[in-house]
Amino acid sequence: MSAMGERYNIHSQLEHLQSKYIGTGHADTTKYEWLTNQHRDSCCSYMGHPDILSYFAIVENESKARVKFNLMERMLQPCGPPPEKPED
């Protein structure tokens with residue numbers, strides 16, 4: 001396969017991954033969007049690992065259900081409200 005063919009194949013694979021998975025980003029991803037995805041992914045990971053969830057519950061002196069609820073609430077706007085978009 002030629003160099004151009006390999007480049008096209010890699011580029012098409014990357015586009016496929018970016019369309020399939022939101023957090024992979026693209027050239028137009030803003031800093032706010034990237035940070036929001038990172039925070040949401042972290043919260044999901046914490047909720048999906050029972051040992052980490054138990055650790056957070058002990059540290060915060062809350063039940064595991066309360067910690068899970070707080071993490072889900074934090075996923076709504078993990079980085080605060082979105083920044084104002086400049087007028088074109």
# chains A, B, ... in the order shown; residues from 1 in each chain; ligands from 1
$ residues_around --residues "Met75 (chain A)" --least-positions-apart "2" --cutoff "8 Å" --atoms "only C-alpha atoms" --output "PyMOL selection string"
chain A and resi 39-40+43+71-73+77-78
$ select_by_dssp --residues "region 23-56 of chain A" --states "helix (DSSP H, G or I)" --output "PDB file with C-alpha atoms, in the first residue's frame"
ATOM      1  CA  GLY A  23     -14.634  12.223  24.166  1.00  0.00           C
ATOM      2  CA  THR A  24     -12.021  11.695  21.448  1.00  0.00           C
ATOM      3  CA  LYS A  31     -11.309  23.762  25.945  1.00  0.00           C
ATOM      4  CA  TYR A  32     -14.624  23.834  27.813  1.00  0.00           C
ATOM      5  CA  GLU A  33     -16.003  20.850  25.856  1.00  0.00           C
ATOM      6  CA  TRP A  34     -12.816  18.865  26.404  1.00  0.00           C
ATOM      7  CA  LEU A  35     -12.778  19.571  30.145  1.00  0.00           C
ATOM      8  CA  THR A  36     -16.474  18.723  30.440  1.00  0.00           C
ATOM      9  CA  ASN A  37     -15.890  15.362  28.749  1.00  0.00           C
ATOM     10  CA  GLN A  38     -12.942  14.632  31.043  1.00  0.00           C
ATOM     11  CA  HIS A  39     -14.929  15.431  34.196  1.00  0.00           C
ATOM     12  CA  ARG A  40     -17.929  13.376  33.060  1.00  0.00           C
ATOM     13  CA  ASP A  41     -15.716  10.417  32.163  1.00  0.00           C
ATOM     14  CA  SER A  42     -14.071  10.611  35.581  1.00  0.00           C
ATOM     15  CA  CYS A  43     -17.422  10.677  37.391  1.00  0.00           C
ATOM     16  CA  CYS A  44     -18.649   7.684  35.371  1.00  0.00           C
ATOM     17  CA  SER A  45     -15.477   5.797  36.184  1.00  0.00           C
ATOM     18  CA  TYR A  46     -15.860   6.523  39.906  1.00  0.00           C
ATOM     19  CA  MET A  47     -19.452   5.260  39.857  1.00  0.00           C
ATOM     20  CA  GLY A  48     -18.483   2.151  37.903  1.00  0.00           C
ATOM     21  CA  PRO A  50     -17.333  -0.102  43.623  1.00  0.00           C
ATOM     22  CA  ASP A  51     -14.050   0.063  45.562  1.00  0.00           C
ATOM     23  CA  ILE A  52     -13.460   3.709  44.648  1.00  0.00           C
ATOM     24  CA  LEU A  53     -17.106   4.495  45.406  1.00  0.00           C
ATOM     25  CA  SER A  54     -16.735   2.870  48.848  1.00  0.00           C
ATOM     26  CA  TYR A  55     -13.565   4.854  49.483  1.00  0.00           C
ATOM     27  CA  PHE A  56     -15.321   8.135  48.611  1.00  0.00           C
TER      28      PHE A  56
END
$ atom_distance --atom1 "CA of Ala27 (chain A)" --atom2 "CA of Lys85 (chain A)"
17.0 Å
